[in-house]
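> To start, I am sharing the structure in question, which I have written as structure tokens.
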Amino acid sequence: MEADTVRVTARISGMVQGVGFRYWTARKADELMLTGTVRNAPDGSVELVAEGSVERVERFTSWLNSPQAPGRVENVDFQVSEATGEFDDFRIVG
């Protein structure tokens with residue numbers, strides 16, 4: 001694991017279920033070579049955990065807040081913390 005590796009834990013709300021959001025989020029994470037998971041939450045939001053370099057995680061969170069993200073994102077609440085290295089790839093779960 002690289003020294004500048006971080007973890008972002010996010011909850012994305014808006015119209016983000018049933019619109020391919022998890023699929024396109026996983027594709028974007030793969031493109032940025034991030035590892036982690038994305039899942040639908042019972043309250044209609046989407047939860048994700050992603051790990052990678054600071055620069056790539058920043059690009060990912062910027063994309064989540066942009067018009068390029070699928071559906072209609074109303075809010076992205078996220079926290080950045082130290083990466084754990086627990087993921088081998090990025091996958092859709094749940």
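Residue numbering restarts at 1 in every chain; chains get A, B, ... in the order shown in the structure tokens, and ligands count up from 1 in that same order.
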Mind listing the helix (DSSP H, G or I) residues of segment 9-89 of chain A, per DSSP on the backbone, as a PDB file with N, CA, C and O atoms, in the first residue's frame?


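Saved file part38.pdb follows:
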```pdb
ATOM      1  N   PHE A  21     -26.654   3.608 -11.065  1.00  0.00           N
ATOM      2  CA  PHE A  21     -25.649   4.362 -10.315  1.00  0.00           C
ATOM      3  C   PHE A  21     -24.515   3.471  -9.808  1.00  0.00           C
ATOM      4  O   PHE A  21     -23.343   3.810  -9.953  1.00  0.00           O
ATOM      5  N   ARG A  22     -24.859   2.325  -9.204  1.00  0.00           N
ATOM      6  CA  ARG A  22     -23.807   1.441  -8.677  1.00  0.00           C
ATOM      7  C   ARG A  22     -22.911   0.930  -9.799  1.00  0.00           C
ATOM      8  O   ARG A  22     -21.698   0.885  -9.654  1.00  0.00           O
ATOM      9  N   TYR A  23     -23.501   0.551 -10.926  1.00  0.00           N
ATOM     10  CA  TYR A  23     -22.724   0.046 -12.057  1.00  0.00           C
ATOM     11  C   TYR A  23     -21.730   1.100 -12.547  1.00  0.00           C
ATOM     12  O   TYR A  23     -20.542   0.828 -12.710  1.00  0.00           O
ATOM     13  N   TRP A  24     -22.215   2.309 -12.802  1.00  0.00           N
ATOM     14  CA  TRP A  24     -21.344   3.354 -13.332  1.00  0.00           C
ATOM     15  C   TRP A  24     -20.328   3.830 -12.300  1.00  0.00           C
ATOM     16  O   TRP A  24     -19.206   4.201 -12.645  1.00  0.00           O
ATOM     17  N   THR A  25     -20.702   3.777 -11.029  1.00  0.00           N
ATOM     18  CA  THR A  25     -19.758   4.129  -9.970  1.00  0.00           C
ATOM     19  C   THR A  25     -18.624   3.103  -9.922  1.00  0.00           C
ATOM     20  O   THR A  25     -17.454   3.466  -9.797  1.00  0.00           O
ATOM     21  N   ALA A  26     -18.968   1.824 -10.038  1.00  0.00           N
ATOM     22  CA  ALA A  26     -17.951   0.773 -10.064  1.00  0.00           C
ATOM     23  C   ALA A  26     -17.055   0.918 -11.283  1.00  0.00           C
ATOM     24  O   ALA A  26     -15.828   0.736 -11.193  1.00  0.00           O
ATOM     25  N   ARG A  27     -17.627   1.248 -12.442  1.00  0.00           N
ATOM     26  CA  ARG A  27     -16.820   1.465 -13.654  1.00  0.00           C
ATOM     27  C   ARG A  27     -15.843   2.619 -13.454  1.00  0.00           C
ATOM     28  O   ARG A  27     -14.684   2.544 -13.844  1.00  0.00           O
ATOM     29  N   LYS A  28     -16.329   3.727 -12.867  1.00  0.00           N
ATOM     30  CA  LYS A  28     -15.470   4.891 -12.631  1.00  0.00           C
ATOM     31  C   LYS A  28     -14.359   4.532 -11.644  1.00  0.00           C
ATOM     32  O   LYS A  28     -13.206   4.922 -11.837  1.00  0.00           O
ATOM     33  N   ALA A  29     -14.697   3.800 -10.597  1.00  0.00           N
ATOM     34  CA  ALA A  29     -13.689   3.376  -9.621  1.00  0.00           C
ATOM     35  C   ALA A  29     -12.620   2.506 -10.283  1.00  0.00           C
ATOM     36  O   ALA A  29     -11.420   2.682 -10.036  1.00  0.00           O
ATOM     37  N   ASP A  30     -13.048   1.578 -11.161  1.00  0.00           N
ATOM     38  CA  ASP A  30     -12.089   0.745 -11.894  1.00  0.00           C
ATOM     39  C   ASP A  30     -11.193   1.600 -12.779  1.00  0.00           C
ATOM     40  O   ASP A  30      -9.979   1.388 -12.846  1.00  0.00           O
ATOM     41  N   GLU A  31     -11.791   2.564 -13.453  1.00  0.00           N
ATOM     42  CA  GLU A  31     -11.044   3.474 -14.331  1.00  0.00           C
ATOM     43  C   GLU A  31      -9.957   4.216 -13.540  1.00  0.00           C
ATOM     44  O   GLU A  31      -8.856   4.428 -14.028  1.00  0.00           O
ATOM     45  N   VAL A  54      -4.521   9.732  -2.949  1.00  0.00           N
ATOM     46  CA  VAL A  54      -5.239  10.961  -2.627  1.00  0.00           C
ATOM     47  C   VAL A  54      -5.784  11.600  -3.897  1.00  0.00           C
ATOM     48  O   VAL A  54      -6.958  11.979  -3.968  1.00  0.00           O
ATOM     49  N   GLU A  55      -4.961  11.693  -4.925  1.00  0.00           N
ATOM     50  CA  GLU A  55      -5.357  12.350  -6.176  1.00  0.00           C
ATOM     51  C   GLU A  55      -6.521  11.609  -6.834  1.00  0.00           C
ATOM     52  O   GLU A  55      -7.488  12.224  -7.278  1.00  0.00           O
ATOM     53  N   ARG A  56      -6.464  10.288  -6.865  1.00  0.00           N
ATOM     54  CA  ARG A  56      -7.538   9.511  -7.506  1.00  0.00           C
ATOM     55  C   ARG A  56      -8.828   9.545  -6.694  1.00  0.00           C
ATOM     56  O   ARG A  56      -9.921   9.612  -7.261  1.00  0.00           O
ATOM     57  N   VAL A  57      -8.724   9.517  -5.376  1.00  0.00           N
ATOM     58  CA  VAL A  57      -9.920   9.621  -4.527  1.00  0.00           C
ATOM     59  C   VAL A  57     -10.556  11.002  -4.700  1.00  0.00           C
ATOM     60  O   VAL A  57     -11.784  11.122  -4.776  1.00  0.00           O
ATOM     61  N   GLU A  58      -9.742  12.046  -4.808  1.00  0.00           N
ATOM     62  CA  GLU A  58     -10.289  13.393  -5.037  1.00  0.00           C
ATOM     63  C   GLU A  58     -11.002  13.471  -6.381  1.00  0.00           C
ATOM     64  O   GLU A  58     -12.072  14.077  -6.485  1.00  0.00           O
ATOM     65  N   ARG A  59     -10.428  12.844  -7.412  1.00  0.00           N
ATOM     66  CA  ARG A  59     -11.095  12.818  -8.725  1.00  0.00           C
ATOM     67  C   ARG A  59     -12.424  12.067  -8.633  1.00  0.00           C
ATOM     68  O   ARG A  59     -13.416  12.470  -9.247  1.00  0.00           O
ATOM     69  N   PHE A  60     -12.451  10.989  -7.877  1.00  0.00           N
ATOM     70  CA  PHE A  60     -13.661  10.181  -7.703  1.00  0.00           C
ATOM     71  C   PHE A  60     -14.757  10.980  -6.993  1.00  0.00           C
ATOM     72  O   PHE A  60     -15.900  11.016  -7.449  1.00  0.00           O
ATOM     73  N   THR A  61     -14.417  11.650  -5.893  1.00  0.00           N
ATOM     74  CA  THR A  61     -15.430  12.417  -5.166  1.00  0.00           C
ATOM     75  C   THR A  61     -15.905  13.612  -5.993  1.00  0.00           C
ATOM     76  O   THR A  61     -17.083  13.966  -5.943  1.00  0.00           O
ATOM     77  N   SER A  62     -15.020  14.200  -6.793  1.00  0.00           N
ATOM     78  CA  SER A  62     -15.448  15.284  -7.690  1.00  0.00           C
ATOM     79  C   SER A  62     -16.437  14.763  -8.722  1.00  0.00           C
ATOM     80  O   SER A  62     -17.445  15.408  -9.024  1.00  0.00           O
ATOM     81  N   TRP A  63     -16.169  13.571  -9.272  1.00  0.00           N
ATOM     82  CA  TRP A  63     -17.075  12.956 -10.245  1.00  0.00           C
ATOM     83  C   TRP A  63     -18.434  12.681  -9.604  1.00  0.00           C
ATOM     84  O   TRP A  63     -19.474  12.935 -10.223  1.00  0.00           O
ATOM     85  N   LEU A  64     -18.444  12.173  -8.364  1.00  0.00           N
ATOM     86  CA  LEU A  64     -19.705  11.893  -7.678  1.00  0.00           C
ATOM     87  C   LEU A  64     -20.566  13.149  -7.544  1.00  0.00           C
ATOM     88  O   LEU A  64     -21.784  13.078  -7.570  1.00  0.00           O
TER      89      LEU A  64
END
```

> Excluding Ala83 of chain A and its own-chain neighbours fewer than 3 positions away, which residues fall within 9 Å of it when counting only C-alpha atoms? Please give them as a list of chain:residue names.

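Near neighbours after the sequence-gap exclusion: A:Met1, A:Thr5, A:Val6, A:Arg7, A:Val8, A:Ala50, A:Glu51, A:Gly52, A:Val80, A:Glu86.
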
> Identify which of the residues A:Asp88, A:Met15, A:Pro70, A:Asp77 lies closest to Asp43 of chain A, counting only C-alpha atoms when measuring atom-to-atom distances.

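Ranking A:Asp88, A:Met15, A:Pro70, A:Asp77 by distance to Asp43 of chain A, first place goes to A:Met15.
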
> Report the distance between atom CA of Gln79 of chain A and atom CA of Ser53 of chain A in Å, rounded to one decimal place.

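It comes out at 14.8 Å.
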
> Return the single residue from A:Val46, A:Gly85, A:Val93, A:Ser66 that is closest to Val16 of chain A, with distances computed using only C-alpha atoms.

A:Val46
